[in-house]
$ cat target37.cif   # mmCIF, C-alpha atoms
data_coords
loop_
_atom_site.label_atom_id
_atom_site.label_comp_id
_atom_site.auth_asym_id
_atom_site.auth_seq_id
_atom_site.Cartn_x
_atom_site.Cartn_y
_atom_site.Cartn_z
CA MET A 1 -7.18 -1.20 0.31
CA ASP A 2 -4.36 0.61 -1.47
CA PHE A 3 -3.70 0.96 -5.19
CA LYS A 4 -1.05 -1.80 -5.35
CA GLN A 5 -3.44 -4.29 -3.71
CA ILE A 6 -6.12 -3.42 -6.27
CA GLN A 7 -3.64 -3.96 -9.13
CA GLU A 8 -2.65 -7.36 -7.74
CA LEU A 9 -6.30 -8.33 -7.32
CA ILE A 10 -7.02 -7.42 -10.96
CA LYS A 11 -4.05 -9.51 -12.13
CA MET A 12 -5.17 -12.52 -10.06
CA ILE A 13 -8.75 -12.30 -11.36
CA ASN A 14 -7.49 -11.97 -14.94
CA LYS A 15 -5.62 -15.27 -14.58
CA SER A 16 -8.57 -17.06 -12.98
CA ASN A 17 -12.02 -18.12 -14.14
CA ILE A 18 -13.76 -15.78 -11.69
CA GLY A 19 -16.42 -13.67 -13.42
CA GLU A 20 -17.04 -10.99 -10.78
CA VAL A 21 -15.68 -9.93 -7.38
CA SER A 22 -17.07 -7.26 -5.04
CA ILE A 23 -15.24 -6.01 -1.95
CA GLU A 24 -16.54 -3.53 0.62
CA GLU A 25 -14.37 -2.02 3.32
CA LYS A 26 -14.76 1.07 5.53
CA GLY A 27 -16.32 3.55 3.10
CA PHE A 28 -14.85 1.87 0.01
CA LYS A 29 -16.49 -0.42 -2.52
CA LEU A 30 -14.68 -2.21 -5.36
CA THR A 31 -16.29 -4.34 -8.06
CA ILE A 32 -14.28 -6.15 -10.73
CA LYS A 33 -16.12 -7.86 -13.57
CA GLN A 34 -14.49 -9.99 -16.22
CA LYS A 35 -16.01 -10.10 -19.70
CA GLU A 36 -15.81 -12.99 -22.19
CA GLU A 37 -12.88 -11.21 -23.84
CA PRO A 38 -9.92 -10.39 -21.56
CA VAL A 39 -11.43 -6.96 -20.72
CA GLN A 40 -12.11 -6.00 -17.13
CA GLN A 41 -14.26 -3.31 -15.62
CA VAL A 42 -13.24 -1.65 -12.39
CA ILE A 43 -15.69 0.51 -10.50
CA ALA A 44 -14.34 2.03 -7.30
CA ALA A 45 -16.06 4.77 -5.34
CA PRO A 46 -15.75 6.00 -1.79
CA LEU A 47 -19.04 5.60 0.05
CA GLN A 48 -20.25 8.87 1.50
CA THR A 49 -22.06 9.39 4.78
CA ALA A 50 -24.44 11.97 3.26
CA PRO A 51 -27.20 10.51 1.05
CA VAL A 52 -26.32 10.76 -2.63
CA ALA A 53 -28.70 10.01 -5.50
CA MET A 54 -26.97 8.07 -8.26
CA ALA A 55 -28.45 7.57 -11.70
CA ALA A 56 -27.93 4.26 -13.48
CA ALA A 57 -27.52 5.94 -16.89
CA PRO A 58 -23.93 7.24 -16.28
CA VAL A 59 -22.83 3.79 -15.11
CA GLN A 60 -24.38 2.16 -18.18
CA ALA A 61 -22.80 4.77 -20.45
CA ALA A 62 -19.39 4.08 -18.87
CA ALA A 63 -19.84 0.34 -19.39
CA GLN A 64 -20.79 0.91 -23.04
CA SER A 65 -17.77 3.18 -23.46
CA LEU A 66 -15.54 0.44 -22.03
CA ALA A 67 -16.96 -2.10 -24.46
CA ALA A 68 -16.48 0.25 -27.42
CA ASN A 69 -12.91 1.07 -26.43
CA ALA A 70 -12.09 -2.61 -25.95
CA ALA A 71 -12.64 -3.11 -29.66
CA GLU A 72 -10.08 -0.38 -30.38
CA LYS A 73 -7.34 -1.81 -28.12
CA PRO A 74 -5.77 -4.17 -30.72
CA ALA A 75 -5.23 -1.19 -33.05
CA LYS A 76 -3.56 0.81 -30.26
CA ALA A 77 -1.26 -2.11 -29.46
CA ALA A 78 -0.15 -2.26 -33.10
CA GLU A 79 0.87 1.43 -32.92
CA ALA A 80 3.39 0.78 -30.11
CA PRO A 81 6.92 0.89 -31.50
CA ALA A 82 8.97 -2.25 -31.21
CA GLY A 83 12.53 -2.25 -30.01
CA ASN A 84 14.47 -1.53 -26.91
CA THR A 85 11.75 0.33 -24.98
CA VAL A 86 9.44 -0.52 -22.10
CA THR A 87 5.94 0.96 -22.03
CA ILE A 88 4.45 2.42 -18.85
CA LYS A 89 0.71 1.83 -19.18
CA SER A 90 -2.31 3.26 -17.45
CA PRO A 91 -3.54 0.96 -14.67
CA MET A 92 -7.01 2.57 -14.76
CA ILE A 93 -9.50 4.72 -16.61
CA GLY A 94 -9.30 8.41 -15.76
CA THR A 95 -7.75 11.76 -16.63
CA PHE A 96 -3.96 11.92 -17.15
CA TYR A 97 -2.00 14.74 -15.53
CA ARG A 98 1.76 15.24 -15.96
CA SER A 99 2.13 17.48 -12.87
CA PRO A 100 0.60 17.68 -9.38
CA SER A 101 -1.01 21.06 -10.23
CA PRO A 102 -0.98 23.47 -13.21
CA ASP A 103 1.67 25.73 -11.64
CA LYS A 104 4.04 22.86 -10.72
CA PRO A 105 6.64 21.21 -13.00
CA SER A 106 5.93 17.88 -14.68
CA PHE A 107 6.77 14.66 -12.82
CA ALA A 108 8.62 13.24 -15.84
CA ASN A 109 9.79 14.74 -19.14
CA VAL A 110 11.53 13.29 -22.18
CA GLY A 111 15.15 12.61 -21.22
CA ASP A 112 14.45 12.28 -17.48
CA GLU A 113 15.84 9.28 -15.62
CA VAL A 114 13.26 7.16 -13.79
CA GLU A 115 13.56 4.25 -11.40
CA PRO A 116 11.06 1.91 -9.78
CA GLY A 117 8.86 3.84 -7.36
CA LYS A 118 9.36 7.28 -8.97
CA VAL A 119 6.04 9.03 -9.68
CA VAL A 120 5.71 9.74 -13.42
CA CYS A 121 2.14 11.11 -13.55
CA ILE A 122 -1.24 11.30 -11.83
CA ILE A 123 -4.48 9.74 -13.04
CA GLU A 124 -7.63 11.23 -11.61
CA ALA A 125 -10.54 8.81 -11.37
CA MET A 126 -13.78 9.70 -9.62
CA LYS A 127 -12.23 12.68 -7.80
CA LEU A 128 -9.36 10.52 -6.51
CA PHE A 129 -5.84 11.43 -7.63
CA ASN A 130 -3.71 8.31 -8.07
CA GLU A 131 0.06 8.64 -8.39
CA ILE A 132 1.41 6.33 -11.10
CA GLU A 133 4.91 5.06 -10.41
CA SER A 134 7.51 3.71 -12.79
CA GLU A 135 8.18 0.00 -12.51
CA VAL A 136 11.43 0.15 -14.51
CA LYS A 137 14.75 1.96 -14.33
CA GLY A 138 15.67 3.93 -17.42
CA ARG A 139 15.22 7.15 -19.40
CA ILE A 140 11.90 8.57 -20.67
CA VAL A 141 12.04 8.47 -24.49
CA LYS A 142 8.52 9.64 -25.31
CA VAL A 143 5.38 10.91 -23.56
CA LEU A 144 2.44 9.33 -25.43
CA VAL A 145 -0.47 11.23 -23.83
CA GLU A 146 -1.33 14.94 -23.73
CA ASP A 147 -1.75 16.56 -20.32
CA ALA A 148 -5.32 16.63 -18.93
CA SER A 149 -6.60 14.12 -21.50
CA PRO A 150 -8.70 11.02 -20.77
CA VAL A 151 -6.95 7.63 -20.72
CA GLU A 152 -8.22 4.06 -20.84
CA TYR A 153 -7.13 1.01 -18.86
CA ASP A 154 -3.84 -0.39 -20.25
CA GLN A 155 -3.28 2.62 -22.53
CA PRO A 156 0.43 3.37 -23.13
CA LEU A 157 1.52 6.55 -21.33
CA PHE A 158 5.34 6.65 -21.58
CA LEU A 159 8.11 4.87 -23.47
CA VAL A 160 11.17 4.17 -21.33
CA GLU A 161 14.58 3.06 -22.54
CA PRO A 162 15.74 0.60 -19.85
CA ALA A 163 19.05 1.31 -18.11
#
$ encode --input "target37.cif" --output "structure tokens"
Amino acid sequence: MDFKQIQELIKMINKSNIGEVSIEEKGFKLTIKQKEEPVQQVIAAPLQTAPVAMAAAPVQAAAQSLAANAAEKPAKAAEAPAGNTVTIKSPMIGTFYRSPSPDKPSFANVGDEVEPGKVVCIIEAMKLFNEIESEVKGRIVKVLVEDASPVEYDQPLFLVEPA
């Protein structure tokens, strides 16, 4: 299952009354849970062939962190400037990186032109590096997140002035 399919699945579940969905495919498990508020939890991890001991405490801590950050989301939305810009948001929880490696140039800088399909950053989640692509054509006006910092689901990453 690729990243785009996961995004579409999350959107479909958000619009439905389904409370929880779990999918398992060749070495991949995905669970999406919907809370009473429109907050969703996505847990995706590649299954490994070697036995791995997993503690429940980190998973519970992550769930509590999600619930705490959900309360902060309305305040973050109010900070977004109104006007003629489109916001590129984080499709997942993870660590935001502006370049493929520390010695490489950034994918997108202020003033750069972007178009649908152009990679603008990477978000690392559970040792998987996910390329985040622009869905709009335009010019980057502002980068809203510092490099190598943690991001939440739906957190604004870039402001783009549409072309």
$ resolve_selection --input "target37.cif" --expression "the PyMOL selection byres ((chain A and resi 15-18) around 10)" --output "ChimeraX atom specification"
/A:10-14,19-21,32-34,38
$ resolve_selection --input "target37.cif" --expression "the PyMOL selection byres ((chain A and resi 129) around 12)" --output "list in words"
Phe3, Met92, Ile93, Gly94, Thr95, Phe96, Tyr97, Arg98, Ser99, Pro100, Ser101, Cys121, Ile122, Ile123, Glu124, Ala125, Met126, Lys127, Leu128, Asn130, Glu131 and Ile132 of chain A
$ write_last_selection --input "target37.cif" --atoms "C-alpha atoms" --output "CSV table (one decimal), keeping the file's coordinate frame"
chain,number,residue,atom,x,y,z
A,3,PHE,CA,-3.7,1.0,-5.2
A,92,MET,CA,-7.0,2.6,-14.8
A,93,ILE,CA,-9.5,4.7,-16.6
A,94,GLY,CA,-9.3,8.4,-15.8
A,95,THR,CA,-7.8,11.8,-16.6
A,96,PHE,CA,-4.0,11.9,-17.2
A,97,TYR,CA,-2.0,14.7,-15.5
A,98,ARG,CA,1.8,15.2,-16.0
A,99,SER,CA,2.1,17.5,-12.9
A,100,PRO,CA,0.6,17.7,-9.4
A,101,SER,CA,-1.0,21.1,-10.2
A,121,CYS,CA,2.1,11.1,-13.6
A,122,ILE,CA,-1.2,11.3,-11.8
A,123,ILE,CA,-4.5,9.7,-13.0
A,124,GLU,CA,-7.6,11.2,-11.6
A,125,ALA,CA,-10.5,8.8,-11.4
A,126,MET,CA,-13.8,9.7,-9.6
A,127,LYS,CA,-12.2,12.7,-7.8
A,128,LEU,CA,-9.4,10.5,-6.5
A,130,ASN,CA,-3.7,8.3,-8.1
A,131,GLU,CA,0.1,8.6,-8.4
A,132,ILE,CA,1.4,6.3,-11.1
$ residues_around --input "target37.cif" --residues "range 107-118 of chain A" --least-positions-apart "2" --cutoff "6 Å" --atoms "only C-alpha atoms" --output "MDAnalysis selection string"
chainID A and resid 98:99 120:121 133:142
$ residues_around --input "target37.cif" --residues "Pro156 in chain A" --least-positions-apart "5" --cutoff "7 Å" --atoms "all atoms listed in the file" --output "PyMOL selection string"
chain A and resi 87-90+144
$ closest_residue --input "target37.cif" --among "A:Gln155, A:Leu30, A:Ala148, A:Lys104" --to "Gln5 in chain A" --atoms "only C-alpha atoms"
A:Leu30
$ closest_residue --input "target37.cif" --among "A:Ala163, A:Leu9, A:Asp103, A:Tyr153" --to "Thr85 in chain A" --atoms "all atoms listed in the file"
A:Ala163
